[in-house]
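Engineer: So here's entry-v3.cif (mmCIF, C-alpha atoms and all ligand atoms).
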```
data_coords
#
loop_
_atom_site.label_atom_id
_atom_site.label_comp_id
_atom_site.auth_asym_id
_atom_site.auth_seq_id
_atom_site.Cartn_x
_atom_site.Cartn_y
_atom_site.Cartn_z
CA MET X 1 -55.96 -83.90 -145.26
CA THR X 2 -59.12 -84.80 -143.33
CA ALA X 3 -60.16 -88.41 -143.62
CA PRO X 4 -63.08 -88.89 -146.02
CA VAL X 5 -66.50 -89.75 -144.60
CA LEU X 6 -67.11 -92.06 -147.52
CA SER X 7 -64.57 -93.93 -149.64
CA VAL X 8 -65.81 -95.95 -152.56
CA ARG X 9 -63.36 -98.06 -154.56
CA ASN X 10 -63.96 -99.95 -157.82
CA LEU X 11 -67.66 -100.30 -157.07
CA VAL X 12 -69.51 -102.72 -159.34
CA HIS X 13 -73.17 -103.66 -159.35
CA ARG X 14 -75.00 -106.06 -161.62
CA PHE X 15 -78.71 -106.80 -161.41
CA PRO X 16 -79.60 -110.32 -162.54
CA ALA X 17 -81.70 -110.34 -165.73
CA THR X 18 -83.34 -113.19 -167.63
CA ASN X 19 -80.77 -113.05 -170.43
CA GLY X 20 -77.65 -112.05 -168.48
CA ALA X 21 -77.13 -109.11 -166.17
CA VAL X 22 -77.77 -105.37 -166.06
CA HIS X 23 -74.34 -103.77 -165.59
CA ALA X 24 -75.65 -100.82 -163.58
CA VAL X 25 -72.41 -99.66 -161.87
CA ASN X 26 -69.04 -100.27 -163.49
CA ASP X 27 -65.83 -99.64 -161.55
CA VAL X 28 -66.75 -96.43 -159.73
CA SER X 29 -64.36 -94.84 -157.21
CA PHE X 30 -64.74 -91.60 -155.25
CA ASP X 31 -64.41 -90.00 -151.81
CA ILE X 32 -66.60 -87.53 -149.96
CA ALA X 33 -64.98 -85.26 -147.36
CA PRO X 34 -66.74 -84.09 -144.18
CA GLY X 35 -68.93 -81.08 -144.93
CA GLU X 36 -68.72 -81.64 -148.68
CA THR X 37 -71.53 -82.01 -151.21
CA LEU X 38 -70.68 -84.31 -154.08
CA GLY X 39 -73.08 -84.04 -157.01
CA LEU X 40 -73.78 -87.18 -159.02
CA VAL X 41 -75.22 -86.40 -162.43
CA GLY X 42 -76.05 -88.49 -165.48
CA GLU X 43 -78.85 -89.47 -167.84
CA SER X 44 -81.69 -91.71 -166.74
CA GLY X 45 -80.41 -95.26 -166.18
CA SER X 46 -76.78 -94.19 -165.67
CA GLY X 47 -76.67 -95.83 -162.24
CA LYS X 48 -77.11 -92.85 -159.91
CA SER X 49 -79.77 -94.35 -157.65
CA THR X 50 -78.02 -97.70 -157.60
CA ILE X 51 -74.88 -95.98 -156.27
CA GLY X 52 -77.02 -94.24 -153.61
CA LEU X 53 -78.49 -97.58 -152.53
CA LEU X 54 -75.07 -99.25 -152.49
CA VAL X 55 -73.29 -96.64 -150.38
CA THR X 56 -76.11 -96.72 -147.81
CA ARG X 57 -75.94 -100.52 -148.08
CA LEU X 58 -79.62 -100.88 -148.89
CA LEU X 59 -78.11 -102.96 -151.71
CA SER X 60 -75.05 -105.20 -151.53
CA PRO X 61 -72.43 -104.53 -154.20
CA THR X 62 -71.30 -107.16 -156.68
CA GLY X 63 -67.72 -105.93 -156.33
CA GLY X 64 -65.47 -103.20 -154.97
CA SER X 65 -65.43 -101.67 -151.50
CA ILE X 66 -67.26 -99.06 -149.44
CA ALA X 67 -65.76 -97.50 -146.31
CA PHE X 68 -67.95 -95.22 -144.21
CA ASP X 69 -66.55 -93.18 -141.32
CA GLY X 70 -63.39 -95.31 -141.33
CA GLU X 71 -65.26 -98.62 -141.27
CA ASP X 72 -65.41 -101.12 -144.14
CA ILE X 73 -69.14 -101.69 -144.70
CA THR X 74 -68.90 -103.52 -148.05
CA ARG X 75 -70.19 -106.78 -146.62
CA ALA X 76 -71.48 -105.56 -143.24
CA SER X 77 -74.45 -107.57 -141.91
CA ALA X 78 -77.82 -106.01 -141.07
CA ALA X 79 -76.90 -106.23 -137.37
CA THR X 80 -73.63 -104.34 -137.92
CA LEU X 81 -75.36 -101.76 -140.07
CA ARG X 82 -78.22 -101.06 -137.64
CA PRO X 83 -76.31 -98.80 -135.19
CA LEU X 84 -74.51 -97.21 -138.11
CA ARG X 85 -77.70 -96.14 -139.89
CA ALA X 86 -78.10 -93.14 -137.59
CA ARG X 87 -74.96 -91.68 -139.18
CA LEU X 88 -75.71 -92.76 -142.76
CA GLN X 89 -79.05 -91.62 -144.13
CA ILE X 90 -80.89 -91.42 -147.43
CA VAL X 91 -83.69 -89.14 -148.65
CA PHE X 92 -85.66 -90.26 -151.71
CA GLN X 93 -87.35 -88.35 -154.50
CA ASP X 94 -90.90 -89.26 -153.50
CA PRO X 95 -91.78 -88.07 -149.98
CA TRP X 96 -95.30 -89.54 -150.30
CA GLY X 97 -93.94 -93.05 -150.69
CA ALA X 98 -91.29 -92.63 -147.99
CA LEU X 99 -93.61 -91.70 -145.09
CA ASN X 100 -96.13 -93.92 -143.32
CA PRO X 101 -99.54 -92.33 -144.14
CA ARG X 102 -101.06 -93.55 -140.85
CA MET X 103 -98.60 -91.69 -138.60
CA THR X 104 -98.85 -88.04 -137.64
CA ILE X 105 -95.92 -85.82 -138.57
CA GLY X 106 -95.06 -85.62 -134.87
CA ARG X 107 -94.79 -89.41 -134.65
CA LEU X 108 -92.88 -89.60 -137.91
CA LEU X 109 -90.31 -87.21 -136.45
CA GLU X 110 -90.11 -89.12 -133.17
CA GLU X 111 -89.66 -92.48 -134.86
CA PRO X 112 -85.95 -92.18 -135.74
CA LEU X 113 -85.24 -90.91 -132.20
CA LEU X 114 -86.87 -94.03 -130.83
CA LEU X 115 -84.48 -96.24 -132.75
CA HIS X 116 -81.21 -94.62 -131.90
CA ALA X 117 -81.37 -92.40 -128.82
CA ARG X 118 -82.16 -93.09 -125.19
CA GLN X 119 -84.76 -90.43 -124.53
CA ASN X 120 -88.06 -90.58 -122.67
CA ALA X 121 -91.38 -89.75 -124.34
CA ALA X 122 -91.39 -86.10 -123.25
CA GLU X 123 -87.81 -85.58 -124.45
CA ARG X 124 -88.65 -87.14 -127.80
CA THR X 125 -91.68 -84.90 -128.26
CA ALA X 126 -89.56 -81.85 -127.46
CA GLU X 127 -86.87 -83.02 -129.89
CA ALA X 128 -89.49 -83.59 -132.62
CA ARG X 129 -90.61 -79.98 -132.13
CA ARG X 130 -87.01 -78.77 -132.43
CA LEU X 131 -86.55 -80.84 -135.60
CA ALA X 132 -89.73 -79.40 -137.14
CA ASP X 133 -88.46 -75.92 -136.33
CA ARG X 134 -85.05 -76.63 -137.89
CA VAL X 135 -86.63 -77.59 -141.19
CA ARG X 136 -89.06 -74.63 -140.94
CA LEU X 137 -92.24 -76.65 -140.53
CA PRO X 138 -95.05 -74.88 -138.64
CA GLU X 139 -95.78 -76.37 -135.23
CA ALA X 140 -99.36 -77.10 -136.34
CA ALA X 141 -97.94 -79.62 -138.85
CA LEU X 142 -96.98 -81.99 -136.01
CA ALA X 143 -100.59 -83.04 -135.42
CA ARG X 144 -101.31 -83.54 -139.13
CA TYR X 145 -101.06 -86.61 -141.37
CA PRO X 146 -98.88 -86.79 -144.51
CA HIS X 147 -101.85 -86.37 -146.90
CA GLU X 148 -102.61 -83.00 -145.25
CA LEU X 149 -99.18 -81.56 -146.15
CA SER X 150 -97.78 -80.27 -149.44
CA GLY X 151 -94.97 -82.07 -151.31
CA GLY X 152 -92.43 -79.47 -150.17
CA GLN X 153 -93.51 -79.80 -146.53
CA LEU X 154 -93.34 -83.59 -146.76
CA GLN X 155 -89.82 -83.41 -148.16
CA ARG X 156 -88.94 -81.23 -145.14
CA VAL X 157 -90.29 -84.02 -142.92
CA SER X 158 -88.10 -86.56 -144.75
CA ILE X 159 -85.06 -84.31 -144.32
CA ALA X 160 -85.85 -83.79 -140.62
CA ARG X 161 -86.05 -87.57 -140.13
CA ALA X 162 -82.74 -88.00 -141.96
CA ILE X 163 -80.93 -85.46 -139.74
CA ALA X 164 -82.62 -86.53 -136.48
CA ASN X 165 -79.65 -88.56 -135.28
CA ARG X 166 -76.94 -86.17 -136.47
CA PRO X 167 -75.70 -88.15 -139.47
CA LYS X 168 -72.27 -87.74 -141.02
CA LEU X 169 -73.53 -88.43 -144.53
CA VAL X 170 -76.90 -87.99 -146.19
CA VAL X 171 -77.57 -89.34 -149.67
CA LEU X 172 -80.21 -87.23 -151.41
CA ASP X 173 -81.67 -89.02 -154.44
CA GLU X 174 -83.40 -86.40 -156.62
CA PRO X 175 -84.84 -84.75 -153.48
CA THR X 176 -86.40 -81.85 -155.38
CA SER X 177 -87.34 -83.50 -158.70
CA SER X 178 -90.97 -84.13 -157.73
CA LEU X 179 -91.45 -80.55 -156.47
CA ASP X 180 -92.52 -77.32 -158.17
CA LEU X 181 -89.71 -74.95 -159.10
CA SER X 182 -90.79 -72.39 -156.47
CA VAL X 183 -90.68 -75.03 -153.70
CA ARG X 184 -87.38 -76.47 -154.92
CA ALA X 185 -85.35 -73.37 -154.09
CA GLY X 186 -86.57 -73.43 -150.47
CA ILE X 187 -85.50 -77.07 -150.03
CA LEU X 188 -82.05 -76.42 -151.54
CA GLN X 189 -81.59 -73.44 -149.25
CA LEU X 190 -82.57 -75.56 -146.25
CA LEU X 191 -80.01 -78.23 -147.18
CA ASP X 192 -77.35 -75.56 -147.53
CA GLU X 193 -78.19 -74.12 -144.09
CA LEU X 194 -78.17 -77.55 -142.45
CA GLN X 195 -74.80 -78.36 -143.98
CA ARG X 196 -73.27 -75.06 -142.83
CA GLU X 197 -74.59 -75.58 -139.29
CA THR X 198 -73.71 -79.23 -138.87
CA GLY X 199 -71.00 -80.12 -141.42
CA ILE X 200 -73.03 -83.03 -142.81
CA ALA X 201 -71.52 -84.49 -145.99
CA MET X 202 -73.97 -85.00 -148.85
CA LEU X 203 -74.15 -87.14 -151.95
CA PHE X 204 -76.58 -85.18 -154.10
CA ILE X 205 -78.05 -87.25 -156.94
CA SER X 206 -79.79 -85.44 -159.77
CA HIS X 207 -80.24 -85.49 -163.53
CA ASP X 208 -80.69 -81.70 -163.41
CA LEU X 209 -77.43 -79.92 -164.20
CA GLU X 210 -78.55 -76.52 -162.88
CA THR X 211 -79.47 -77.97 -159.49
CA VAL X 212 -76.20 -79.91 -159.29
CA ARG X 213 -74.21 -76.79 -160.18
CA LEU X 214 -76.04 -74.86 -157.47
CA VAL X 215 -75.53 -77.29 -154.60
CA SER X 216 -72.29 -79.20 -155.26
CA HIS X 217 -68.71 -78.57 -154.26
CA ARG X 218 -67.56 -81.36 -156.56
CA VAL X 219 -69.35 -83.19 -159.34
CA ILE X 220 -69.16 -86.67 -160.88
CA VAL X 221 -70.58 -87.20 -164.37
CA LEU X 222 -71.75 -90.78 -164.86
CA TYR X 223 -72.20 -92.48 -168.20
CA LEU X 224 -73.57 -96.02 -168.30
CA GLY X 225 -72.51 -96.62 -164.71
CA ARG X 226 -68.96 -95.46 -165.26
CA ILE X 227 -67.36 -92.12 -164.30
CA ALA X 228 -66.74 -89.97 -167.37
CA GLU X 229 -65.50 -86.93 -165.48
CA GLN X 230 -64.93 -85.75 -161.92
CA ALA X 231 -64.01 -82.20 -160.87
CA ALA X 232 -64.75 -79.25 -158.61
CA ALA X 233 -68.13 -77.86 -159.67
CA ALA X 234 -66.61 -74.58 -160.89
CA GLN X 235 -64.00 -76.42 -162.99
CA LEU X 236 -66.49 -78.84 -164.47
CA PHE X 237 -69.01 -76.22 -165.55
CA ALA X 238 -66.38 -73.74 -166.80
CA SER X 239 -64.14 -76.19 -168.67
CA PRO X 240 -65.69 -79.63 -169.16
CA ALA X 241 -63.01 -81.99 -170.49
CA HIS X 242 -64.93 -85.13 -171.47
CA PRO X 243 -66.78 -84.95 -174.81
CA TYR X 244 -69.85 -86.42 -173.08
CA THR X 245 -69.86 -83.69 -170.42
CA GLN X 246 -69.32 -81.06 -173.11
CA THR X 247 -72.31 -82.38 -175.05
CA LEU X 248 -74.47 -82.66 -171.96
CA LEU X 249 -73.72 -79.12 -170.78
CA SER X 250 -74.10 -77.54 -174.19
CA ALA X 251 -77.42 -79.31 -174.76
CA HIS X 252 -78.96 -78.70 -171.35
CA LEU X 253 -77.61 -75.45 -169.96
CA PRO X 254 -78.44 -71.99 -171.30
CA PRO X 255 -75.51 -70.48 -173.26
CA ASP X 256 -73.02 -68.69 -171.03
CA PRO X 257 -70.99 -66.02 -172.87
CA ALA X 258 -68.10 -66.64 -170.45
CA VAL X 259 -67.91 -70.31 -171.50
CA PRO X 260 -67.37 -70.65 -175.24
CA LEU X 261 -68.77 -74.21 -175.47
CA ALA X 262 -69.57 -75.66 -178.86
CA ARG X 263 -73.31 -76.43 -179.00
CA HIS X 264 -73.95 -80.10 -179.57
CA GLU X 265 -76.97 -82.32 -179.22
CA VAL X 266 -76.46 -85.74 -177.63
CA VAL X 267 -77.24 -87.92 -180.64
CA GLY X 268 -78.19 -91.59 -180.57
CA GLU X 269 -79.21 -93.78 -177.68
CA ILE X 270 -77.31 -94.69 -174.55
CA PRO X 271 -76.12 -98.33 -175.10
CA SER X 272 -77.88 -101.14 -173.25
CA PRO X 273 -76.41 -101.98 -169.84
CA LEU X 274 -77.17 -105.61 -170.72
CA ARG X 275 -74.41 -105.54 -173.35
CA LEU X 276 -71.68 -103.07 -172.49
CA PRO X 277 -69.76 -101.83 -175.54
CA PRO X 278 -66.00 -102.43 -175.64
CA GLY X 279 -63.61 -99.56 -174.86
CA CYS X 280 -65.06 -96.13 -174.15
CA PHE X 281 -68.80 -96.46 -173.45
CA PHE X 282 -69.42 -93.12 -175.20
CA ALA X 283 -67.64 -94.09 -178.44
CA GLY X 284 -70.87 -94.83 -180.36
CA ARG X 285 -72.14 -91.29 -179.76
CA CYS X 286 -68.90 -89.34 -179.56
CA PRO X 287 -68.38 -86.84 -182.41
CA ILE X 288 -64.58 -87.16 -182.14
CA ALA X 289 -64.16 -90.90 -181.52
CA LEU X 290 -61.03 -92.57 -182.87
CA PRO X 291 -60.66 -96.24 -183.84
CA ALA X 292 -58.60 -96.74 -180.67
CA CYS X 293 -61.57 -95.62 -178.53
CA THR X 294 -63.30 -98.97 -178.94
CA GLN X 295 -60.16 -100.99 -178.17
CA ALA X 296 -59.57 -100.32 -174.46
CA THR X 297 -61.25 -98.61 -171.51
CA PRO X 298 -59.84 -95.07 -171.32
CA ALA X 299 -57.97 -94.39 -168.08
CA MET X 300 -58.90 -91.44 -165.84
CA LEU X 301 -56.43 -88.70 -166.78
CA ALA X 302 -55.71 -85.50 -164.86
CA VAL X 303 -56.80 -82.39 -166.74
CA GLU X 304 -55.73 -80.07 -163.93
CA PRO X 305 -55.36 -80.65 -160.17
CA GLY X 306 -58.58 -82.19 -158.84
CA HIS X 307 -60.06 -82.55 -162.33
CA HIS X 308 -60.05 -85.94 -164.07
CA ALA X 309 -61.71 -87.35 -167.15
CA ALA X 310 -61.73 -90.74 -168.85
CA CYS X 311 -61.05 -89.86 -172.48
CA LEU X 312 -58.19 -90.98 -174.72
CA ARG X 313 -57.97 -87.56 -176.30
CA ILE X 314 -57.16 -85.74 -173.05
CA ALA X 315 -53.52 -86.88 -173.39
CA ASP X 316 -52.83 -84.75 -176.50
CA GLY X 317 -55.37 -82.01 -175.74
CA SER X 318 -57.56 -82.90 -178.75
CA ASN X 319 -60.61 -83.62 -176.57
CA LEU X 320 -62.45 -80.32 -177.09
CA LEU X 321 -65.42 -80.54 -179.41
CA ALA X 322 -65.29 -78.17 -182.35
CA GLN X 323 -68.21 -75.92 -183.17
CA PRO X 324 -70.47 -77.89 -185.57
CA GLU X 325 -70.54 -76.56 -189.11
CA GLY X 326 -73.25 -74.03 -189.81
CA THR X 327 -73.35 -72.82 -186.17
CA PRO X 328 -73.05 -69.04 -185.92
N1 LIG I 401 -83.96 -103.61 -159.24
C1 LIG I 401 -83.46 -103.58 -160.48
N2 LIG I 401 -83.44 -104.71 -161.23
C2 LIG I 401 -82.93 -104.71 -162.49
N3 LIG I 401 -82.38 -103.63 -163.07
C3 LIG I 401 -82.37 -102.49 -162.35
C4 LIG I 401 -82.92 -102.41 -161.03
N4 LIG I 401 -82.75 -101.14 -160.56
C5 LIG I 401 -82.15 -100.45 -161.57
N5 LIG I 401 -81.91 -101.25 -162.63
C6 LIG I 401 -81.23 -100.89 -163.89
O1 LIG I 401 -79.94 -100.44 -163.55
C7 LIG I 401 -79.57 -99.33 -164.36
C8 LIG I 401 -79.27 -98.14 -163.45
O2 LIG I 401 -80.50 -97.73 -162.85
P1 LIG I 401 -80.58 -96.53 -161.82
O3 LIG I 401 -81.97 -96.53 -161.27
O4 LIG I 401 -79.46 -96.62 -160.85
O5 LIG I 401 -80.36 -95.26 -162.76
P2 LIG I 401 -80.55 -93.70 -162.46
O6 LIG I 401 -79.34 -93.03 -162.97
O7 LIG I 401 -80.91 -93.50 -161.03
O8 LIG I 401 -81.78 -93.34 -163.42
P3 LIG I 401 -82.97 -92.25 -163.19
O9 LIG I 401 -82.39 -90.91 -163.54
O10 LIG I 401 -84.01 -92.69 -164.17
O11 LIG I 401 -83.43 -92.33 -161.77
C9 LIG I 401 -80.72 -99.10 -165.32
O12 LIG I 401 -80.43 -99.78 -166.52
C10 LIG I 401 -81.90 -99.74 -164.60
O13 LIG I 401 -82.86 -100.19 -165.52
S1 LIG I 402 -62.27 -91.86 -175.41
FE1 LIG I 402 -62.76 -91.54 -177.57
S2 LIG I 402 -64.94 -92.04 -177.78
FE2 LIG I 402 -64.50 -91.78 -175.60
S3 LIG I 402 -65.00 -89.67 -175.19
FE3 LIG I 402 -62.82 -89.70 -175.65
S4 LIG I 402 -62.68 -89.34 -177.86
FE4 LIG I 402 -64.82 -89.85 -177.42
MG MG I 403 -82.57 -92.69 -160.07
#
```
Before we go any further, please render this structure as structure tokens.
Ligand SMILES: Nc1ncnc2c1ncn2[C@@H]1O[C@H](COP(=O)(O)OP(=O)(O)OP(=O)(O)O)[C@@H](O)[C@H]1O
Ligand code: SF4
Ligand SMILES: [Mg+2]
Structural biologist:
Amino acid sequence: MTAPVLSVRNLVHRFPATNGAVHAVNDVSFDIAPGETLGLVGESGSGKSTIGLLVTRLLSPTGGSIAFDGEDITRASAATLRPLRARLQIVFQDPWGALNPRMTIGRLLEEPLLLHARQNAAERTAEARRLADRVRLPEAALARYPHELSGGQLQRVSIARAIANRPKLVVLDEPTSSLDLSVRAGILQLLDELQRETGIAMLFISHDLETVRLVSHRVIVLYLGRIAEQAAAAQLFASPAHPYTQTLLSAHLPPDPAVPLARHEVVGEIPSPLRLPPGCFFAGRCPIALPACTQATPAMLAVEPGHHAACLRIADGSNLLAQPEGTP
């Protein structure tokens, strides 16, 4: 098996709060293989962005370990991380906030080359042109300023900057959420093309199930900073095993006649990350919770090869939600 580009083990992150701590990431482990897109999905506040910031080491974890490209970067200093940043990039949701408004697009594209490659000015300008072309930006855009471009074009600039130094992994945190639907498809297609050409691995963060299904090879479903389920995208969407995933899919995806999922609404509120509930975090909202569910953290159990879920009821196969009464 090829060595993973990213290996995360037992990752924990707590943000200090006045009356305790926000338990944003709770014992998360996963790998990403070269050329793979791992989708990270979950409700707002489930810890997706925090994981993105931790694996790119823009945040330091409270616990656990992060290995990137064979190197342990859990506690790496800024100086150690600097040369590594070329290979480990992040693209954020808001391209307006991510780009310096006083630089032309040409300069914005040259900037990452300046940091990591030994090229002269003419070579950098030529490379910036090539980058613009790769992300399908018109040449005229190079002389413009960010406010003169559309959101979709600006996100192409952010992606071009992220791939400028041939990274091994790019974290994409809701890269299309601020864009119109029509523009979104073009960005997703571009990411797909770039990955096919270069074999970049991607951690694709989104709360949008349809987008995650479209782009991901594998998917992790997060609930309150903990992994509820992890599987190949096809497995997860065809046969979700965790009651939370089942509820999420049935509530947010259009009915698929090939997948006879019971239709359930996610009832109640996600518990506060300031006071984590005991046992299974989903117990308070789970339609099939047992008394034992609040006693101990459910272990990740294999549902089928490559498909794991953290639910007590996987063991005896009683984890599938029944059709609610009164549903046709
Ligand atoms: N800098 C911070 N200080 C304190 N708490 C934070 C900070 N950043 C995030 N949090 C909290 O950590 C938890 C996880 O937040 P995070 O932004 O990772 O969630 P998310 O899944 O990305 O949500 P969204 O879909 O809204 O972007 C939330 O409870 C959030 O309020
Ligand atoms: S462990 Fe219990 S509460 Fe948690 S999802 Fe499974 S059945 Fe529901
Ligand atoms: Mg987020």
Engineer: Show me a table, sorted first by chain and then by increasing residue number, of the residues of chain X having an atom at most 7 Å from ligand LIG 402 (chain I), each with its shortest atom pair and the distance in Å to one decimal, counting all atoms listed in the file and written as JSON lines.
Structural biologist:
```
{"residue": "X:His242", "atom": "CA", "partner": "I:LIG402", "partner_atom": "S3", "distance": 5.9}
{"residue": "X:Pro243", "atom": "CA", "partner": "I:LIG402", "partner_atom": "S3", "distance": 5.1}
{"residue": "X:Tyr244", "atom": "CA", "partner": "I:LIG402", "partner_atom": "S3", "distance": 6.2}
{"residue": "X:Cys280", "atom": "CA", "partner": "I:LIG402", "partner_atom": "FE2", "distance": 4.6}
{"residue": "X:Phe281", "atom": "CA", "partner": "I:LIG402", "partner_atom": "FE2", "distance": 6.7}
{"residue": "X:Phe282", "atom": "CA", "partner": "I:LIG402", "partner_atom": "FE2", "distance": 5.1}
{"residue": "X:Ala283", "atom": "CA", "partner": "I:LIG402", "partner_atom": "S2", "distance": 3.5}
{"residue": "X:Cys286", "atom": "CA", "partner": "I:LIG402", "partner_atom": "FE4", "distance": 4.6}
{"residue": "X:Pro287", "atom": "CA", "partner": "I:LIG402", "partner_atom": "FE4", "distance": 6.8}
{"residue": "X:Ile288", "atom": "CA", "partner": "I:LIG402", "partner_atom": "S4", "distance": 5.2}
{"residue": "X:Ala289", "atom": "CA", "partner": "I:LIG402", "partner_atom": "S2", "distance": 4.0}
{"residue": "X:Leu290", "atom": "CA", "partner": "I:LIG402", "partner_atom": "FE1", "distance": 5.7}
{"residue": "X:Cys293", "atom": "CA", "partner": "I:LIG402", "partner_atom": "FE1", "distance": 4.4}
{"residue": "X:Pro298", "atom": "CA", "partner": "I:LIG402", "partner_atom": "S1", "distance": 5.7}
{"residue": "X:Ala310", "atom": "CA", "partner": "I:LIG402", "partner_atom": "S1", "distance": 6.7}
{"residue": "X:Cys311", "atom": "CA", "partner": "I:LIG402", "partner_atom": "FE3", "distance": 3.6}
{"residue": "X:Leu312", "atom": "CA", "partner": "I:LIG402", "partner_atom": "S1", "distance": 4.2}
{"residue": "X:Arg313", "atom": "CA", "partner": "I:LIG402", "partner_atom": "S4", "distance": 5.3}
{"residue": "X:Asn319", "atom": "CA", "partner": "I:LIG402", "partner_atom": "S4", "distance": 6.2}
```
Engineer: Enumerate, in order of chain and increasing residue number, the residues of chain X with an atom no farther than 6 Å from ligand LIG 401 (chain I), each with its shortest atom pair and distance in Å to one decimal, counting all atoms listed in the file, as a Markdown table.
Structural biologist:
```
| residue | atom | partner | partner_atom | distance |
| --- | --- | --- | --- | --- |
| X:Phe15 | CA | I:LIG401 | C2 | 4.8 |
| X:Val22 | CA | I:LIG401 | N3 | 5.8 |
| X:Ala24 | CA | I:LIG401 | C7 | 4.3 |
| X:Glu43 | CA | I:LIG401 | O9 | 5.8 |
| X:Ser44 | CA | I:LIG401 | O9 | 3.4 |
| X:Gly45 | CA | I:LIG401 | O5 | 3.4 |
| X:Ser46 | CA | I:LIG401 | O6 | 3.9 |
| X:Gly47 | CA | I:LIG401 | O4 | 3.2 |
| X:Lys48 | CA | I:LIG401 | O6 | 3.8 |
| X:Ser49 | CA | I:LIG401 | O7 | 3.7 |
| X:Thr50 | CA | I:LIG401 | O4 | 3.7 |
| X:His207 | CA | I:LIG401 | O9 | 5.8 |
| X:Pro273 | CA | I:LIG401 | O12 | 5.7 |
```
Engineer: Just the number, please: distance in Å from atom CA of X:Ser177 to atom CA of X:Asp208, one decimal.
Structural biologist: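 These atoms are spaced 8.3 Å apart.
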Engineer: Using all atoms listed in the file, which of the listed residues (X:Ala238, X:Ala128, X:Leu114, X:Leu172) sits closest to ligand MG 403 (chain I)?
Structural biologist: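 Of X:Ala238, X:Ala128, X:Leu114, X:Leu172, the one nearest ligand MG 403 (chain I) is X:Leu172, counting all atoms listed in the file.
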Engineer: Between X:Ser250, X:Thr18, X:Thr56, X:Thr37, single out the one closest to X:Leu188, counting only C-alpha atoms.
Structural biologist: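 Residue with the minimum atom-to-atom distance to X:Leu188: X:Thr37.
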Engineer: Just so I have it separately, write stretch 57-72 of chain X from the block I sent, keeping N, CA and C atoms, as an mmCIF file, in the first residue's frame.
Structural biologist:
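And here's part30.cif as it stands now:
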```cif
data_model
loop_
_atom_site.group_PDB
_atom_site.id
_atom_site.type_symbol
_atom_site.label_atom_id
_atom_site.label_comp_id
_atom_site.auth_asym_id
_atom_site.auth_seq_id
_atom_site.Cartn_x
_atom_site.Cartn_y
_atom_site.Cartn_z
ATOM 1 N N ARG X 57 -1.401 22.957 10.299
ATOM 2 C CA ARG X 57 -0.649 23.503 11.428
ATOM 3 C C ARG X 57 -0.712 25.035 11.502
ATOM 4 N N LEU X 58 -1.890 25.572 11.091
ATOM 5 C CA LEU X 58 -2.155 26.979 11.364
ATOM 6 C C LEU X 58 -2.653 27.096 12.808
ATOM 7 N N LEU X 59 -3.017 25.948 13.364
ATOM 8 C CA LEU X 59 -3.347 25.809 14.789
ATOM 9 C C LEU X 59 -2.506 24.661 15.330
ATOM 10 N N SER X 60 -2.177 24.732 16.626
ATOM 11 C CA SER X 60 -1.460 23.619 17.260
ATOM 12 C C SER X 60 -2.457 22.760 18.028
ATOM 13 N N PRO X 61 -2.400 21.438 17.818
ATOM 14 C CA PRO X 61 -3.391 20.583 18.488
ATOM 15 C C PRO X 61 -3.162 20.483 19.988
ATOM 16 N N THR X 62 -4.250 20.229 20.715
ATOM 17 C CA THR X 62 -4.151 19.980 22.149
ATOM 18 C C THR X 62 -3.582 18.581 22.381
ATOM 19 N N GLY X 63 -3.938 17.650 21.517
ATOM 20 C CA GLY X 63 -3.445 16.279 21.668
ATOM 21 C C GLY X 63 -3.481 15.522 20.356
ATOM 22 N N GLY X 64 -2.849 14.340 20.357
ATOM 23 C CA GLY X 64 -2.820 13.512 19.154
ATOM 24 C C GLY X 64 -1.618 13.823 18.288
ATOM 25 N N SER X 65 -1.587 13.257 17.073
ATOM 26 C CA SER X 65 -0.433 13.479 16.207
ATOM 27 C C SER X 65 -0.850 13.683 14.759
ATOM 28 N N ILE X 66 0.018 14.412 14.037
ATOM 29 C CA ILE X 66 -0.200 14.696 12.619
ATOM 30 C C ILE X 66 1.110 14.409 11.895
ATOM 31 N N ALA X 67 1.077 13.477 10.938
ATOM 32 C CA ALA X 67 2.258 13.230 10.114
ATOM 33 C C ALA X 67 1.918 13.614 8.682
ATOM 34 N N PHE X 68 2.777 14.466 8.104
ATOM 35 C CA PHE X 68 2.566 14.884 6.715
ATOM 36 C C PHE X 68 3.768 14.466 5.884
ATOM 37 N N ASP X 69 3.512 13.743 4.800
ATOM 38 C CA ASP X 69 4.585 13.333 3.893
ATOM 39 C C ASP X 69 5.710 12.620 4.671
ATOM 40 N N GLY X 70 5.306 11.790 5.620
ATOM 41 C CA GLY X 70 6.278 10.994 6.370
ATOM 42 C C GLY X 70 6.945 11.718 7.531
ATOM 43 N N GLU X 71 6.567 12.979 7.753
ATOM 44 C CA GLU X 71 7.239 13.771 8.795
ATOM 45 C C GLU X 71 6.235 14.123 9.898
ATOM 46 N N ASP X 72 6.630 13.927 11.147
ATOM 47 C CA ASP X 72 5.749 14.286 12.263
ATOM 48 C C ASP X 72 5.748 15.804 12.417
#
```
